[in-house]
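Data file: work04.cif. Format and content: mmCIF, C-alpha atoms.
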data_final
loop_
_atom_site.group_PDB
_atom_site.id
_atom_site.type_symbol
_atom_site.label_atom_id
_atom_site.label_comp_id
_atom_site.auth_asym_id
_atom_site.auth_seq_id
_atom_site.Cartn_x
_atom_site.Cartn_y
_atom_site.Cartn_z
ATOM 1 C CA ILE A 322 -1.152 30.917 25.798
ATOM 2 C CA ASP A 323 1.809 28.578 25.951
ATOM 3 C CA VAL A 324 0.845 24.940 26.507
ATOM 4 C CA PRO A 325 3.979 22.824 26.902
ATOM 5 C CA VAL A 326 3.650 19.226 25.710
ATOM 6 C CA SER A 327 6.447 16.801 26.534
ATOM 7 C CA GLU A 328 5.269 13.861 24.426
ATOM 8 C CA PRO A 329 3.752 13.823 20.939
ATOM 9 C CA VAL A 330 -0.036 13.954 20.905
ATOM 10 C CA SER A 331 -2.489 13.648 18.036
ATOM 11 C CA SER A 332 -5.027 16.069 19.508
ATOM 12 C CA PHE A 333 -5.614 18.322 22.482
ATOM 13 C CA ASP A 334 -8.191 20.761 23.793
ATOM 14 C CA VAL A 335 -7.469 24.395 24.569
ATOM 15 C CA GLN A 336 -9.812 26.859 26.197
ATOM 16 C CA VAL A 337 -9.475 30.611 26.490
ATOM 17 C CA VAL A 338 -11.381 32.393 29.232
ATOM 18 C CA ARG A 339 -11.892 36.148 29.014
ATOM 19 C CA ASP A 340 -13.205 38.215 31.908
ATOM 20 C CA LEU A 341 -15.748 40.436 30.157
ATOM 21 C CA GLU A 342 -15.976 42.740 33.151
ATOM 22 C CA GLN A 343 -12.253 43.486 32.985
ATOM 23 C CA LYS A 344 -11.926 43.325 29.184
ATOM 24 C CA PRO A 345 -15.381 43.927 27.706
ATOM 25 C CA ILE A 346 -16.241 43.251 24.099
ATOM 26 C CA PRO A 347 -18.780 45.648 22.588
ATOM 27 C CA PRO A 348 -22.028 43.843 21.810
ATOM 28 C CA PHE A 349 -22.617 43.144 18.126
ATOM 29 C CA SER A 350 -18.881 42.940 17.452
ATOM 30 C CA GLU A 351 -17.426 40.522 14.965
ATOM 31 C CA ILE A 352 -14.721 38.468 16.655
ATOM 32 C CA GLU A 353 -11.962 36.903 14.604
ATOM 33 C CA TYR A 354 -9.832 34.198 16.156
ATOM 34 C CA TRP A 355 -7.248 31.589 15.228
ATOM 35 C CA TRP A 356 -4.617 29.411 16.825
ATOM 36 C CA VAL A 357 -0.869 29.407 16.332
ATOM 37 C CA THR A 358 0.877 26.231 17.374
ATOM 38 C CA THR A 359 4.635 25.984 17.750
ATOM 39 C CA VAL A 360 5.945 22.508 17.048
ATOM 40 C CA ASP A 361 9.420 21.093 17.356
ATOM 41 C CA LEU A 362 9.949 18.441 14.722
ATOM 42 C CA GLU A 363 13.285 16.800 15.412
ATOM 43 C CA GLY A 364 14.998 20.089 16.260
ATOM 44 C CA SER A 365 13.185 22.147 13.624
ATOM 45 C CA VAL A 366 10.774 24.602 15.253
ATOM 46 C CA ARG A 367 7.790 25.673 13.154
ATOM 47 C CA ASN A 368 4.745 27.832 13.773
ATOM 48 C CA ILE A 369 1.548 26.410 12.360
ATOM 49 C CA GLU A 370 -1.376 28.824 12.087
ATOM 50 C CA THR A 371 -4.933 27.549 11.743
ATOM 51 C CA GLU A 372 -7.457 29.112 9.443
ATOM 52 C CA HIS A 373 -9.164 32.226 10.816
ATOM 53 C CA PHE A 374 -12.684 31.930 12.192
ATOM 54 C CA LYS A 375 -15.259 34.657 12.801
ATOM 55 C CA LEU A 376 -18.222 34.842 15.086
ATOM 56 C CA GLU A 377 -20.683 37.570 15.893
ATOM 57 C CA TYR A 378 -21.032 38.556 19.537
ATOM 58 C CA LEU A 379 -24.790 39.141 19.587
ATOM 59 C CA ASP A 380 -27.473 39.794 22.148
ATOM 60 C CA ASN A 381 -29.051 36.363 21.832
ATOM 61 C CA ARG A 382 -31.727 36.866 24.480
ATOM 62 C CA PHE A 383 -34.241 37.652 21.745
ATOM 63 C CA ASP A 384 -35.531 35.990 18.595
ATOM 64 C CA TRP A 385 -34.395 38.695 16.155
ATOM 65 C CA GLN A 386 -36.166 39.166 12.834
ATOM 66 C CA SER A 387 -34.406 41.072 10.068
ATOM 67 C CA ALA A 388 -35.050 43.200 6.998
ATOM 68 C CA GLN A 389 -32.461 44.491 4.553
ATOM 69 C CA ARG A 390 -32.516 47.680 2.499
ATOM 70 C CA GLY A 391 -29.262 48.248 0.597
ATOM 71 C CA ALA A 392 -26.457 48.797 3.101
ATOM 72 C CA ILE A 393 -28.892 48.653 6.043
ATOM 73 C CA THR A 394 -29.798 45.483 7.887
ATOM 74 C CA LEU A 395 -32.385 46.144 10.560
ATOM 75 C CA TYR A 396 -33.165 43.696 13.371
ATOM 76 C CA TRP A 397 -36.160 43.708 15.716
ATOM 77 C CA TYR A 398 -37.785 41.167 18.015
ATOM 78 C CA GLU A 399 -41.118 42.712 18.950
ATOM 79 C CA GLY A 400 -43.670 43.773 16.369
ATOM 80 C CA ASP A 401 -44.829 42.355 13.078
ATOM 81 C CA LEU A 402 -43.249 42.428 9.614
ATOM 82 C CA THR A 403 -44.913 45.751 8.834
ATOM 83 C CA PHE A 404 -43.188 47.300 11.857
ATOM 84 C CA GLY A 405 -39.772 45.922 10.869
ATOM 85 C CA HIS A 406 -40.110 46.845 7.202
ATOM 86 C CA MET A 407 -41.244 50.370 8.068
ATOM 87 C CA ALA A 408 -38.201 50.808 10.330
ATOM 88 C CA ALA A 409 -35.883 49.446 7.603
ATOM 89 C CA ASP A 410 -37.391 51.858 5.068
ATOM 90 C CA VAL A 411 -36.901 54.797 7.442
ATOM 91 C CA ALA A 412 -33.308 53.712 8.060
ATOM 92 C CA SER A 413 -32.494 53.396 4.361
ATOM 93 C CA ARG A 414 -33.956 56.806 3.481
ATOM 94 C CA SER A 415 -32.286 58.389 6.510
ATOM 95 C CA LEU A 416 -28.875 56.959 5.643
ATOM 96 C CA ASN A 417 -29.100 58.407 2.138
ATOM 97 C CA GLU A 418 -30.321 61.813 3.352
ATOM 98 C CA ILE A 419 -27.673 62.098 6.081
ATOM 99 C CA SER A 420 -24.911 61.120 3.659
ATOM 100 C CA ILE A 421 -26.047 63.796 1.222
ATOM 101 C CA ASP A 422 -26.449 66.438 3.939
ATOM 102 C CA LEU A 423 -22.981 65.725 5.354
ATOM 103 C CA ALA A 424 -21.412 65.231 1.901
ATOM 104 C CA VAL A 425 -19.915 61.859 2.875
ATOM 105 C CA ASP A 426 -20.128 58.379 1.418
ATOM 106 C CA PRO A 427 -22.517 56.147 3.349
ATOM 107 C CA PRO A 428 -21.017 53.135 5.134
ATOM 108 C CA ASP A 429 -20.858 49.896 3.146
ATOM 109 C CA ARG A 430 -22.947 48.183 5.784
ATOM 110 C CA THR A 431 -24.842 49.278 8.851
ATOM 111 C CA HIS A 432 -26.724 47.115 11.344
ATOM 112 C CA ILE A 433 -29.553 48.610 13.384
ATOM 113 C CA TYR A 434 -31.021 46.762 16.357
ATOM 114 C CA VAL A 435 -34.456 47.881 17.548
ATOM 115 C CA TYR A 436 -35.145 47.118 21.199
ATOM 116 C CA SER A 437 -38.693 47.404 22.482
ATOM 117 C CA THR A 438 -37.708 48.739 25.913
ATOM 118 C CA GLY A 439 -34.942 50.859 27.344
ATOM 119 C CA ASP A 440 -34.300 48.223 30.011
ATOM 120 C CA HIS A 441 -33.604 45.612 27.334
ATOM 121 C CA LEU A 442 -31.174 47.916 25.522
ATOM 122 C CA ARG A 443 -29.354 49.033 28.666
ATOM 123 C CA SER A 444 -28.934 45.487 29.978
ATOM 124 C CA GLY A 445 -27.681 44.358 26.575
ATOM 125 C CA ILE A 446 -24.938 46.982 26.481
ATOM 126 C CA GLN A 447 -24.278 46.984 30.226
ATOM 127 C CA MET A 448 -25.415 50.565 30.801
ATOM 128 C CA ASP A 449 -27.643 50.013 33.835
ATOM 129 C CA GLY A 450 -28.471 53.159 35.762
ATOM 130 C CA ARG A 451 -28.667 55.376 32.663
ATOM 131 C CA GLU A 452 -32.429 55.546 32.329
ATOM 132 C CA TRP A 453 -32.178 58.354 29.770
ATOM 133 C CA VAL A 454 -30.429 56.174 27.153
ATOM 134 C CA GLY A 455 -32.796 55.623 24.225
ATOM 135 C CA GLY A 456 -30.157 54.594 21.726
ATOM 136 C CA HIS A 457 -26.487 53.929 21.251
ATOM 137 C CA ALA A 458 -24.081 53.818 18.323
ATOM 138 C CA HIS A 459 -20.800 52.022 17.657
ATOM 139 C CA PRO A 460 -19.425 53.862 14.602
ATOM 140 C CA ASP A 461 -16.371 51.600 14.389
ATOM 141 C CA LEU A 462 -18.672 48.562 14.172
ATOM 142 C CA GLY A 463 -21.306 50.155 11.937
ATOM 143 C CA VAL A 464 -23.941 49.380 14.569
ATOM 144 C CA ALA A 465 -26.799 51.480 15.926
ATOM 145 C CA LEU A 466 -29.150 50.490 18.745
ATOM 146 C CA VAL A 467 -32.513 52.188 19.281
ATOM 147 C CA VAL A 468 -35.525 51.782 21.529
ATOM 148 C CA ILE A 469 -38.808 51.784 19.627
ATOM 149 C CA SER A 470 -41.902 50.029 20.910
ATOM 150 C CA PRO A 471 -44.486 48.836 18.417
ATOM 151 C CA GLY A 472 -47.699 50.784 18.728
ATOM 152 C CA GLY A 473 -49.136 54.257 18.450
ATOM 153 C CA SER A 474 -45.966 56.400 18.347
ATOM 154 C CA ALA A 475 -43.702 53.863 16.599
ATOM 155 C CA SER A 476 -43.662 55.695 13.257
ATOM 156 C CA LEU A 477 -42.766 59.015 14.891
ATOM 157 C CA ASP A 478 -40.116 57.340 17.088
ATOM 158 C CA MET A 479 -38.567 55.700 14.023
ATOM 159 C CA ARG A 480 -38.312 58.996 12.146
ATOM 160 C CA ARG A 481 -36.717 60.652 15.176
ATOM 161 C CA LYS A 482 -34.468 57.998 16.733
ATOM 162 C CA ILE A 483 -33.143 56.076 13.744
ATOM 163 C CA PRO A 484 -31.701 59.119 11.921
ATOM 164 C CA HIS A 485 -30.189 60.350 15.198
ATOM 165 C CA GLU A 486 -28.247 57.126 15.780
ATOM 166 C CA LEU A 487 -27.324 56.791 12.097
ATOM 167 C CA THR A 488 -25.764 60.263 12.272
ATOM 168 C CA HIS A 489 -23.499 58.964 15.045
ATOM 169 C CA VAL A 490 -22.584 55.935 12.936
ATOM 170 C CA ILE A 491 -21.665 58.134 9.972
#
Same coordinates, now as structure tokens:
Amino acid sequence: IDVPVSEPVSSFDVQVVRDLEQKPIPPFSEIEYWWVTTVDLEGSVRNIETEHFKLEYLDNRFDWQSAQRGAITLYWYEGDLTFGHMAADVASRSLNEISIDLAVDPPDRTHIYVYSTGDHLRSGIQMDGREWVGGHAHPDLGVALVVISPGGSASLDMRRKIPHELTHVI
């Protein structure tokens, strides 16, 4: 964005607006940004680049809890610590088993987000109308999303859904 300034100023505000419907950003992306300012100092034009900043584009509608197992960081918002730790354990074992089975090195880091309902997941990744979606993976981001509700079938769902999405990540 070019912002012409006719007189010297000591500070200014700049805002960038991005239409996420036209140019979406995948949820759970890491966004890196910086500014480059062109200044004319008495006929000498210079580009000044700020330091680079990073932010995570997260689904902040929920109070996420987390558990880490090696390269896996698992996030969940519904269920107790036992639920989250069990899912993280399943994810860690699954990542190792899949890597061995496929004879590939596991990713350095993988983030898994456990949604409690399909509606929450679909609205978070803007996939309304696809009722069959029970998970989603972004291999380039090292992110997997799964739907697992705490309760009776949670353990079975973890052992089925988490390895499935991790396979897509790998």
In the coordinate frame of the file, compute which residues have an atom within 7 Å of (-19.5, 55.0, 15.4) when using all atoms listed in the file, and state them as a list in words.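 Every polymer residue passing the test: Ala458, His459, Pro460, Asp461, Leu462, Gly463, His489, Val490 and Ile491 of chain A.
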If we count all atoms listed in the file, what is near stretch 434-444 of chain A at a cut-off of 12 Å, once residues fewer than 2 positions away on the same chain are taken out, given as JSON, numbers by chain? {"A": [348, 349, 379, 380, 381, 382, 383, 384, 385, 386, 387, 388, 393, 394, 395, 396, 397, 398, 399, 400, 404, 405, 406, 407, 408, 409, 412, 431, 432, 446, 447, 448, 449, 450, 451, 452, 453, 454, 455, 456, 457, 458, 459, 463, 464, 465, 466, 467, 468, 469, 470, 471, 472, 475, 478, 479, 482, 483, 486, 487]}
For the residues selected in the previous step, produce a file with C-alpha atoms as a short mmCIF file (atom, residue, chain, number, x, y, z; two decimals), keeping the file's coordinate frame.
data_model
loop_
_atom_site.label_atom_id
_atom_site.label_comp_id
_atom_site.auth_asym_id
_atom_site.auth_seq_id
_atom_site.Cartn_x
_atom_site.Cartn_y
_atom_site.Cartn_z
CA PRO A 348 -22.03 43.84 21.81
CA PHE A 349 -22.62 43.14 18.13
CA LEU A 379 -24.79 39.14 19.59
CA ASP A 380 -27.47 39.79 22.15
CA ASN A 381 -29.05 36.36 21.83
CA ARG A 382 -31.73 36.87 24.48
CA PHE A 383 -34.24 37.65 21.74
CA ASP A 384 -35.53 35.99 18.60
CA TRP A 385 -34.40 38.70 16.16
CA GLN A 386 -36.17 39.17 12.83
CA SER A 387 -34.41 41.07 10.07
CA ALA A 388 -35.05 43.20 7.00
CA ILE A 393 -28.89 48.65 6.04
CA THR A 394 -29.80 45.48 7.89
CA LEU A 395 -32.38 46.14 10.56
CA TYR A 396 -33.16 43.70 13.37
CA TRP A 397 -36.16 43.71 15.72
CA TYR A 398 -37.78 41.17 18.02
CA GLU A 399 -41.12 42.71 18.95
CA GLY A 400 -43.67 43.77 16.37
CA PHE A 404 -43.19 47.30 11.86
CA GLY A 405 -39.77 45.92 10.87
CA HIS A 406 -40.11 46.84 7.20
CA MET A 407 -41.24 50.37 8.07
CA ALA A 408 -38.20 50.81 10.33
CA ALA A 409 -35.88 49.45 7.60
CA ALA A 412 -33.31 53.71 8.06
CA THR A 431 -24.84 49.28 8.85
CA HIS A 432 -26.72 47.12 11.34
CA ILE A 446 -24.94 46.98 26.48
CA GLN A 447 -24.28 46.98 30.23
CA MET A 448 -25.42 50.56 30.80
CA ASP A 449 -27.64 50.01 33.84
CA GLY A 450 -28.47 53.16 35.76
CA ARG A 451 -28.67 55.38 32.66
CA GLU A 452 -32.43 55.55 32.33
CA TRP A 453 -32.18 58.35 29.77
CA VAL A 454 -30.43 56.17 27.15
CA GLY A 455 -32.80 55.62 24.22
CA GLY A 456 -30.16 54.59 21.73
CA HIS A 457 -26.49 53.93 21.25
CA ALA A 458 -24.08 53.82 18.32
CA HIS A 459 -20.80 52.02 17.66
CA GLY A 463 -21.31 50.16 11.94
CA VAL A 464 -23.94 49.38 14.57
CA ALA A 465 -26.80 51.48 15.93
CA LEU A 466 -29.15 50.49 18.74
CA VAL A 467 -32.51 52.19 19.28
CA VAL A 468 -35.52 51.78 21.53
CA ILE A 469 -38.81 51.78 19.63
CA SER A 470 -41.90 50.03 20.91
CA PRO A 471 -44.49 48.84 18.42
CA GLY A 472 -47.70 50.78 18.73
CA ALA A 475 -43.70 53.86 16.60
CA ASP A 478 -40.12 57.34 17.09
CA MET A 479 -38.57 55.70 14.02
CA LYS A 482 -34.47 58.00 16.73
CA ILE A 483 -33.14 56.08 13.74
CA GLU A 486 -28.25 57.13 15.78
CA LEU A 487 -27.32 56.79 12.10
#
A:Val357, A:Ser350, A:Gly391, A:Val425: which is nearest A:Asp410, counting all atoms listed in the file?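 Nearest to A:Asp410: A:Gly391.
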May I have the residues within 7 Å of A:Ile352 as a CSV table (one decimal) with C-alpha atoms, keeping the file's coordinate frame, using only C-alpha atoms and disregarding those fewer than 5 positions away in the same chain?
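Dumped to around09.csv:
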chain,number,residue,atom,x,y,z
A,375,LYS,CA,-15.3,34.7,12.8
A,376,LEU,CA,-18.2,34.8,15.1
A,377,GLU,CA,-20.7,37.6,15.9
A,378,TYR,CA,-21.0,38.6,19.5
In Å to one decimal, how far is atom CA of A:His373 from atom CA of A:Leu341?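 Answer for the atom CA of A:Leu341 to atom CA of A:His373 separation: 22.0 Å.
For the atom pair formed by atom CA of A:Glu372 and atom CA of A:Thr358, the distance is 11.9 Å, given to one decimal.
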Using atom CA of A:Ser331 and atom CA of A:Trp355 as the two end points, give the distance in Å to one decimal.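 If I compute the distance from atom CA of A:Ser331 to atom CA of A:Trp355, I get 18.8 Å.
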